[in-house]
Each structure stands twice: as C-alpha cells, then as structure tokens.
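J.: Sharing a structure here in structure tokens format.
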Amino acid sequence: KPVSRKYLRKEEIIALIEVESEIDRIQRVRDVFLFCCFTGLSFSDVKALHMDHIYQDSDGTWWLNSERKKTKNNFLIVLLPQALVILGKYRQHPLRENEGLALPVLSNQNYNLYLKELADAAGINKKLTTHMARHTFATTITLESGVSMDVVSKLLGHTSIKSTRIYAKMLPSRIGREMSQINNLDYQIK
C-alpha cells in the first residue's frame, strides 16, 4: 500500500525562511533544515558534509559532490543560491575552521526536538523531519520547477527512478503547466 510522503509547499518554505530567532540552536536548526530543502541531503549526509565536498567550476557554478552515507551512491548537486547563503553564514564557525564541516549540525535527537519548536515558530502544522526536507527538495524545489524526474533521481543519489517516484510527487500545477503547452495542437476536428 502506497504511503503518502509529506513535503512542504512553497508558502511553508517561505514561512521557515522568515523565522528569526534570538536562540542560536533554533537558527542553526532552521538553516540546516532549509539547506536540506535546497539540496536534498539526508540528515546523515548533511552532518558528514565537509567543505572539501564543495567546489566551484570554471563557469562559476558551485557544486556539491559526495557519496550517500546510506547507499554509498555518488551524488552531484548544483548548489542553489539559497544553499550558498546558508553556507556563507557559517564561514567562521569553529566546526568549519577546526574540522572542515560545512554546517554546525546538532545531534539527531536534539535536531528533531528543535524542529518542533521551529515548526511552531513558523506556524506550520506539520511534523518537520529531515526526510521531509528531502521530499520537499524532490517535489517543491526541483520537480515543481520543471526539473525532470531523471535529473531529480541523480540529484538524490538514487540508482532507480522507482525510488525517486516515492520522493517526488507530480503536483496538479505541474501537470497543468505541461499540458498547457499542447493546447494549440494543429488538429482540426469538424
């Protein structure tokens, strides 16, 4: 029986972006969660992310190249501007300076605990999980923006498009946009 996977809609992502907190742990959890929304990384992958996994090519495009902790599958992701802004915020964080870690990720237990506070602060009535961020990347950030299912599969580090279809949901708005491209077919019915 298919399970309905949860993801955030654009309005909910914006609500998270707008959360400003004086509490450092909430701000860090928000940034890590949003980074996962804009990269598709899982918790274990973002926790293990080092700056040597990130590089800029000769065209000026920033890339993240690493291996999934769970499957050992390689993935290559173009870093979106939102992800680069988050990385920039932690440029001088001690974990980056001392250990080369890209982001200051809390323990899984604390991270999940603070995600609840974050959802409350953003007015989101869903249980936030890192996996939800991965589904959000697949559905709202990429597929809904016109990225093909094949490319989404590569970005997520999947070897099978069948796995990707669990993550990325084709929303009615995408179906409508794509079908509107063929509204003016050159067939005359009399």
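We label chains A, B, ... in the order they appear in the structure tokens, count residues from 1 in each chain, and number ligands from 1 in the order shown.
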Would you pick out the contacts of range 50-58 of chain A at 9 Å or less, using only C-alpha atoms, so that residues sharing its chain but fewer than 4 positions from it are not included, and give the list as a list of chain:residue names?
T.: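 That gives A:Val46, A:Trp62, A:Trp63, A:Leu64, A:Asn65, A:Ser66, A:Leu79, A:Arg96, A:Glu99, A:Gly100, A:Leu101, A:Ala102, A:Leu103.
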J.: Those residues with N, CA, C and O atoms, as an mmCIF file, in the first residue's frame please?
T.:
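The file below, again.cif, is the result:
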```
data_model
loop_
_atom_site.group_PDB
_atom_site.id
_atom_site.type_symbol
_atom_site.label_atom_id
_atom_site.label_comp_id
_atom_site.auth_asym_id
_atom_site.auth_seq_id
_atom_site.Cartn_x
_atom_site.Cartn_y
_atom_site.Cartn_z
ATOM 1 N N VAL A 46 24.131 15.523 5.540
ATOM 2 C CA VAL A 46 24.434 16.917 5.876
ATOM 3 C C VAL A 46 25.344 16.972 7.095
ATOM 4 O O VAL A 46 26.223 17.831 7.198
ATOM 5 N N TRP A 62 28.721 26.526 -8.395
ATOM 6 C CA TRP A 62 29.127 25.816 -7.185
ATOM 7 C C TRP A 62 28.463 24.440 -7.165
ATOM 8 O O TRP A 62 27.271 24.319 -7.432
ATOM 9 N N TRP A 63 29.246 23.428 -6.829
ATOM 10 C CA TRP A 63 28.787 22.043 -6.824
ATOM 11 C C TRP A 63 29.052 21.391 -5.477
ATOM 12 O O TRP A 63 30.009 21.733 -4.785
ATOM 13 N N LEU A 64 28.210 20.437 -5.175
ATOM 14 C CA LEU A 64 28.398 19.580 -4.011
ATOM 15 C C LEU A 64 28.558 18.168 -4.576
ATOM 16 O O LEU A 64 27.669 17.687 -5.281
ATOM 17 N N ASN A 65 29.675 17.539 -4.305
ATOM 18 C CA ASN A 65 29.952 16.204 -4.825
ATOM 19 C C ASN A 65 30.342 15.311 -3.656
ATOM 20 O O ASN A 65 31.340 15.575 -2.985
ATOM 21 N N SER A 66 29.534 14.305 -3.402
ATOM 22 C CA SER A 66 29.810 13.426 -2.275
ATOM 23 C C SER A 66 29.183 12.061 -2.512
ATOM 24 O O SER A 66 28.713 11.762 -3.612
ATOM 25 N N LEU A 79 24.695 23.743 -6.315
ATOM 26 C CA LEU A 79 24.245 24.460 -5.126
ATOM 27 C C LEU A 79 23.459 25.698 -5.535
ATOM 28 O O LEU A 79 23.982 26.585 -6.221
ATOM 29 N N ARG A 96 33.703 24.552 11.282
ATOM 30 C CA ARG A 96 34.272 24.634 9.938
ATOM 31 C C ARG A 96 35.769 24.895 10.023
ATOM 32 O O ARG A 96 36.560 24.260 9.346
ATOM 33 N N GLU A 99 37.330 21.546 11.989
ATOM 34 C CA GLU A 99 37.098 20.198 11.463
ATOM 35 C C GLU A 99 36.725 20.170 9.978
ATOM 36 O O GLU A 99 36.581 19.098 9.401
ATOM 37 N N GLY A 100 36.515 21.336 9.387
ATOM 38 C CA GLY A 100 36.170 21.397 7.970
ATOM 39 C C GLY A 100 34.717 21.073 7.669
ATOM 40 O O GLY A 100 34.341 20.923 6.504
ATOM 41 N N LEU A 101 33.890 20.964 8.719
ATOM 42 C CA LEU A 101 32.470 20.671 8.498
ATOM 43 C C LEU A 101 31.778 21.875 7.878
ATOM 44 O O LEU A 101 32.017 23.018 8.271
ATOM 45 N N ALA A 102 30.907 21.621 6.917
ATOM 46 C CA ALA A 102 30.239 22.705 6.204
ATOM 47 C C ALA A 102 29.233 23.433 7.081
ATOM 48 O O ALA A 102 29.104 24.655 7.006
ATOM 49 N N LEU A 103 28.504 22.680 7.928
ATOM 50 C CA LEU A 103 27.452 23.270 8.759
ATOM 51 C C LEU A 103 27.513 22.700 10.180
ATOM 52 O O LEU A 103 27.870 21.533 10.367
#
```
J.: Can you list, as a PDB file with N, CA and C atoms, in the first residue's frame, all residues belonging to range 85-165 of chain A that DSSP tags as helix (DSSP H, G or I)?
T.:
```pdb
ATOM      1  N   VAL A  85      23.958  30.866   0.487  1.00  0.00           N
ATOM      2  CA  VAL A  85      23.778  31.869   1.547  1.00  0.00           C
ATOM      3  C   VAL A  85      23.917  31.204   2.915  1.00  0.00           C
ATOM      4  N   ILE A  86      23.296  30.044   3.069  1.00  0.00           N
ATOM      5  CA  ILE A  86      23.371  29.335   4.349  1.00  0.00           C
ATOM      6  C   ILE A  86      24.813  28.925   4.642  1.00  0.00           C
ATOM      7  N   LEU A  87      25.517  28.392   3.666  1.00  0.00           N
ATOM      8  CA  LEU A  87      26.925  28.029   3.872  1.00  0.00           C
ATOM      9  C   LEU A  87      27.747  29.244   4.283  1.00  0.00           C
ATOM     10  N   GLY A  88      27.469  30.383   3.657  1.00  0.00           N
ATOM     11  CA  GLY A  88      28.201  31.608   3.965  1.00  0.00           C
ATOM     12  C   GLY A  88      28.016  32.087   5.393  1.00  0.00           C
ATOM     13  N   LYS A  89      26.848  31.827   5.960  1.00  0.00           N
ATOM     14  CA  LYS A  89      26.575  32.251   7.335  1.00  0.00           C
ATOM     15  C   LYS A  89      27.501  31.577   8.340  1.00  0.00           C
ATOM     16  N   PRO A  94      33.425  27.642  14.404  1.00  0.00           N
ATOM     17  CA  PRO A  94      34.535  26.788  14.855  1.00  0.00           C
ATOM     18  C   PRO A  94      34.528  25.375  14.237  1.00  0.00           C
ATOM     19  N   LEU A  95      33.358  24.790  14.007  1.00  0.00           N
ATOM     20  CA  LEU A  95      33.331  23.450  13.410  1.00  0.00           C
ATOM     21  C   LEU A  95      33.887  23.453  11.988  1.00  0.00           C
ATOM     22  N   ARG A  96      33.703  24.552  11.282  1.00  0.00           N
ATOM     23  CA  ARG A  96      34.272  24.634   9.938  1.00  0.00           C
ATOM     24  C   ARG A  96      35.769  24.895  10.023  1.00  0.00           C
ATOM     25  N   GLU A  97      36.140  25.830  10.874  1.00  0.00           N
ATOM     26  CA  GLU A  97      37.548  26.184  10.984  1.00  0.00           C
ATOM     27  C   GLU A  97      38.397  25.039  11.524  1.00  0.00           C
ATOM     28  N   ASN A  98      37.878  24.291  12.497  1.00  0.00           N
ATOM     29  CA  ASN A  98      38.667  23.235  13.148  1.00  0.00           C
ATOM     30  C   ASN A  98      38.532  21.870  12.476  1.00  0.00           C
ATOM     31  N   GLU A  99      37.330  21.546  11.989  1.00  0.00           N
ATOM     32  CA  GLU A  99      37.098  20.198  11.463  1.00  0.00           C
ATOM     33  C   GLU A  99      36.725  20.170   9.978  1.00  0.00           C
ATOM     34  N   ASN A 108      21.152  14.151  16.188  1.00  0.00           N
ATOM     35  CA  ASN A 108      19.854  13.822  15.608  1.00  0.00           C
ATOM     36  C   ASN A 108      18.727  14.025  16.620  1.00  0.00           C
ATOM     37  N   GLN A 109      18.941  13.611  17.858  1.00  0.00           N
ATOM     38  CA  GLN A 109      17.919  13.748  18.900  1.00  0.00           C
ATOM     39  C   GLN A 109      17.568  15.211  19.144  1.00  0.00           C
ATOM     40  N   ASN A 110      18.585  16.050  19.320  1.00  0.00           N
ATOM     41  CA  ASN A 110      18.329  17.477  19.554  1.00  0.00           C
ATOM     42  C   ASN A 110      17.746  18.148  18.317  1.00  0.00           C
ATOM     43  N   TYR A 111      18.251  17.779  17.163  1.00  0.00           N
ATOM     44  CA  TYR A 111      17.763  18.345  15.912  1.00  0.00           C
ATOM     45  C   TYR A 111      16.252  18.114  15.775  1.00  0.00           C
ATOM     46  N   ASN A 112      15.828  16.875  15.968  1.00  0.00           N
ATOM     47  CA  ASN A 112      14.395  16.552  15.849  1.00  0.00           C
ATOM     48  C   ASN A 112      13.568  17.267  16.909  1.00  0.00           C
ATOM     49  N   LEU A 113      14.106  17.409  18.113  1.00  0.00           N
ATOM     50  CA  LEU A 113      13.407  18.117  19.184  1.00  0.00           C
ATOM     51  C   LEU A 113      13.194  19.584  18.804  1.00  0.00           C
ATOM     52  N   TYR A 114      14.224  20.215  18.265  1.00  0.00           N
ATOM     53  CA  TYR A 114      14.146  21.639  17.925  1.00  0.00           C
ATOM     54  C   TYR A 114      13.359  21.890  16.643  1.00  0.00           C
ATOM     55  N   LEU A 115      13.224  20.871  15.790  1.00  0.00           N
ATOM     56  CA  LEU A 115      12.385  21.030  14.603  1.00  0.00           C
ATOM     57  C   LEU A 115      10.938  21.328  14.988  1.00  0.00           C
ATOM     58  N   LYS A 116      10.493  20.747  16.098  1.00  0.00           N
ATOM     59  CA  LYS A 116       9.126  21.012  16.576  1.00  0.00           C
ATOM     60  C   LYS A 116       8.981  22.483  16.956  1.00  0.00           C
ATOM     61  N   GLU A 117       9.959  23.021  17.662  1.00  0.00           N
ATOM     62  CA  GLU A 117       9.935  24.444  18.019  1.00  0.00           C
ATOM     63  C   GLU A 117       9.953  25.318  16.770  1.00  0.00           C
ATOM     64  N   LEU A 118      10.748  24.903  15.794  1.00  0.00           N
ATOM     65  CA  LEU A 118      10.847  25.647  14.543  1.00  0.00           C
ATOM     66  C   LEU A 118       9.507  25.669  13.817  1.00  0.00           C
ATOM     67  N   ALA A 119       8.854  24.524  13.733  1.00  0.00           N
ATOM     68  CA  ALA A 119       7.541  24.447  13.074  1.00  0.00           C
ATOM     69  C   ALA A 119       6.548  25.374  13.777  1.00  0.00           C
ATOM     70  N   ASP A 120       6.559  25.369  15.105  1.00  0.00           N
ATOM     71  CA  ASP A 120       5.674  26.254  15.867  1.00  0.00           C
ATOM     72  C   ASP A 120       5.961  27.720  15.559  1.00  0.00           C
ATOM     73  N   ALA A 121       7.244  28.073  15.526  1.00  0.00           N
ATOM     74  CA  ALA A 121       7.637  29.462  15.260  1.00  0.00           C
ATOM     75  C   ALA A 121       7.222  29.905  13.860  1.00  0.00           C
ATOM     76  N   ALA A 122       7.193  28.971  12.920  1.00  0.00           N
ATOM     77  CA  ALA A 122       6.831  29.296  11.538  1.00  0.00           C
ATOM     78  C   ALA A 122       5.327  29.154  11.287  1.00  0.00           C
ATOM     79  N   THR A 130      13.866  15.688   8.841  1.00  0.00           N
ATOM     80  CA  THR A 130      14.869  15.888   7.798  1.00  0.00           C
ATOM     81  C   THR A 130      14.428  15.209   6.521  1.00  0.00           C
ATOM     82  N   HIS A 131      13.778  14.074   6.673  1.00  0.00           N
ATOM     83  CA  HIS A 131      13.324  13.381   5.473  1.00  0.00           C
ATOM     84  C   HIS A 131      12.266  14.203   4.732  1.00  0.00           C
ATOM     85  N   MET A 132      11.475  14.978   5.479  1.00  0.00           N
ATOM     86  CA  MET A 132      10.518  15.869   4.836  1.00  0.00           C
ATOM     87  C   MET A 132      11.260  16.906   3.997  1.00  0.00           C
ATOM     88  N   ALA A 133      12.412  17.359   4.473  1.00  0.00           N
ATOM     89  CA  ALA A 133      13.215  18.316   3.702  1.00  0.00           C
ATOM     90  C   ALA A 133      13.658  17.677   2.388  1.00  0.00           C
ATOM     91  N   ARG A 134      14.035  16.422   2.428  1.00  0.00           N
ATOM     92  CA  ARG A 134      14.457  15.698   1.222  1.00  0.00           C
ATOM     93  C   ARG A 134      13.286  15.566   0.240  1.00  0.00           C
ATOM     94  N   HIS A 135      12.095  15.276   0.760  1.00  0.00           N
ATOM     95  CA  HIS A 135      10.895  15.186  -0.084  1.00  0.00           C
ATOM     96  C   HIS A 135      10.527  16.562  -0.641  1.00  0.00           C
ATOM     97  N   THR A 136      10.735  17.610   0.153  1.00  0.00           N
ATOM     98  CA  THR A 136      10.473  18.976  -0.294  1.00  0.00           C
ATOM     99  C   THR A 136      11.388  19.339  -1.454  1.00  0.00           C
ATOM    100  N   PHE A 137      12.663  18.975  -1.350  1.00  0.00           N
ATOM    101  CA  PHE A 137      13.602  19.216  -2.443  1.00  0.00           C
ATOM    102  C   PHE A 137      13.127  18.506  -3.709  1.00  0.00           C
ATOM    103  N   ALA A 138      12.739  17.253  -3.567  1.00  0.00           N
ATOM    104  CA  ALA A 138      12.334  16.457  -4.727  1.00  0.00           C
ATOM    105  C   ALA A 138      11.051  16.977  -5.367  1.00  0.00           C
ATOM    106  N   THR A 139      10.092  17.393  -4.548  1.00  0.00           N
ATOM    107  CA  THR A 139       8.783  17.787  -5.062  1.00  0.00           C
ATOM    108  C   THR A 139       8.698  19.281  -5.358  1.00  0.00           C
ATOM    109  N   THR A 140       8.865  20.107  -4.342  1.00  0.00           N
ATOM    110  CA  THR A 140       8.609  21.543  -4.463  1.00  0.00           C
ATOM    111  C   THR A 140       9.754  22.292  -5.145  1.00  0.00           C
ATOM    112  N   ILE A 141      10.976  21.976  -4.759  1.00  0.00           N
ATOM    113  CA  ILE A 141      12.119  22.734  -5.273  1.00  0.00           C
ATOM    114  C   ILE A 141      12.471  22.315  -6.694  1.00  0.00           C
ATOM    115  N   THR A 142      12.528  21.021  -6.979  1.00  0.00           N
ATOM    116  CA  THR A 142      13.007  20.587  -8.295  1.00  0.00           C
ATOM    117  C   THR A 142      11.878  20.232  -9.254  1.00  0.00           C
ATOM    118  N   LEU A 143      11.121  19.208  -8.945  1.00  0.00           N
ATOM    119  CA  LEU A 143      10.108  18.714  -9.890  1.00  0.00           C
ATOM    120  C   LEU A 143       9.090  19.805 -10.231  1.00  0.00           C
ATOM    121  N   GLU A 144       8.606  20.513  -9.235  1.00  0.00           N
ATOM    122  CA  GLU A 144       7.619  21.570  -9.463  1.00  0.00           C
ATOM    123  C   GLU A 144       8.213  22.734 -10.271  1.00  0.00           C
ATOM    124  N   SER A 145       9.537  22.866 -10.243  1.00  0.00           N
ATOM    125  CA  SER A 145      10.205  23.921 -11.013  1.00  0.00           C
ATOM    126  C   SER A 145      10.567  23.480 -12.421  1.00  0.00           C
ATOM    127  N   MET A 149      12.270  14.109 -13.818  1.00  0.00           N
ATOM    128  CA  MET A 149      12.363  13.054 -12.815  1.00  0.00           C
ATOM    129  C   MET A 149      13.725  12.365 -12.881  1.00  0.00           C
ATOM    130  N   ASP A 150      14.285  12.221 -14.078  1.00  0.00           N
ATOM    131  CA  ASP A 150      15.603  11.592 -14.225  1.00  0.00           C
ATOM    132  C   ASP A 150      16.684  12.410 -13.515  1.00  0.00           C
ATOM    133  N   VAL A 151      16.649  13.723 -13.671  1.00  0.00           N
ATOM    134  CA  VAL A 151      17.636  14.579 -13.021  1.00  0.00           C
ATOM    135  C   VAL A 151      17.427  14.576 -11.510  1.00  0.00           C
ATOM    136  N   VAL A 152      16.175  14.639 -11.066  1.00  0.00           N
ATOM    137  CA  VAL A 152      15.885  14.576  -9.631  1.00  0.00           C
ATOM    138  C   VAL A 152      16.455  13.285  -9.050  1.00  0.00           C
ATOM    139  N   SER A 153      16.311  12.195  -9.768  1.00  0.00           N
ATOM    140  CA  SER A 153      16.837  10.904  -9.328  1.00  0.00           C
ATOM    141  C   SER A 153      18.347  10.971  -9.121  1.00  0.00           C
ATOM    142  N   LYS A 154      19.052  11.576 -10.069  1.00  0.00           N
ATOM    143  CA  LYS A 154      20.503  11.729  -9.956  1.00  0.00           C
ATOM    144  C   LYS A 154      20.879  12.608  -8.768  1.00  0.00           C
ATOM    145  N   LEU A 155      20.149  13.718  -8.597  1.00  0.00           N
ATOM    146  CA  LEU A 155      20.436  14.637  -7.500  1.00  0.00           C
ATOM    147  C   LEU A 155      20.282  13.958  -6.144  1.00  0.00           C
ATOM    148  N   LEU A 156      19.298  13.084  -6.033  1.00  0.00           N
ATOM    149  CA  LEU A 156      19.053  12.393  -4.769  1.00  0.00           C
ATOM    150  C   LEU A 156      19.993  11.211  -4.549  1.00  0.00           C
ATOM    151  N   ILE A 161      14.784   4.994 -10.735  1.00  0.00           N
ATOM    152  CA  ILE A 161      13.753   6.028 -10.827  1.00  0.00           C
ATOM    153  C   ILE A 161      12.551   5.656  -9.964  1.00  0.00           C
ATOM    154  N   LYS A 162      12.370   4.373  -9.702  1.00  0.00           N
ATOM    155  CA  LYS A 162      11.281   3.898  -8.851  1.00  0.00           C
ATOM    156  C   LYS A 162      11.419   4.473  -7.434  1.00  0.00           C
ATOM    157  N   SER A 163      12.639   4.529  -6.926  1.00  0.00           N
ATOM    158  CA  SER A 163      12.879   5.139  -5.610  1.00  0.00           C
ATOM    159  C   SER A 163      12.541   6.618  -5.640  1.00  0.00           C
ATOM    160  N   THR A 164      12.905   7.292  -6.717  1.00  0.00           N
ATOM    161  CA  THR A 164      12.673   8.730  -6.827  1.00  0.00           C
ATOM    162  C   THR A 164      11.185   9.044  -6.845  1.00  0.00           C
ATOM    163  N   ARG A 165      10.403   8.195  -7.471  1.00  0.00           N
ATOM    164  CA  ARG A 165       8.955   8.442  -7.538  1.00  0.00           C
ATOM    165  C   ARG A 165       8.309   8.424  -6.154  1.00  0.00           C
TER     166      ARG A 165
END
```
J.: Residues within 12 Å of Ala15 in chain A, please, as JSON, numbers by chain. Count only C-alpha atoms; anything in the same chain fewer than 2 positions from it doesn't count.
T.: {"A": [8, 9, 10, 11, 12, 13, 17, 18, 19, 20, 30, 34, 118, 119, 120, 121, 122, 123, 124, 125]}
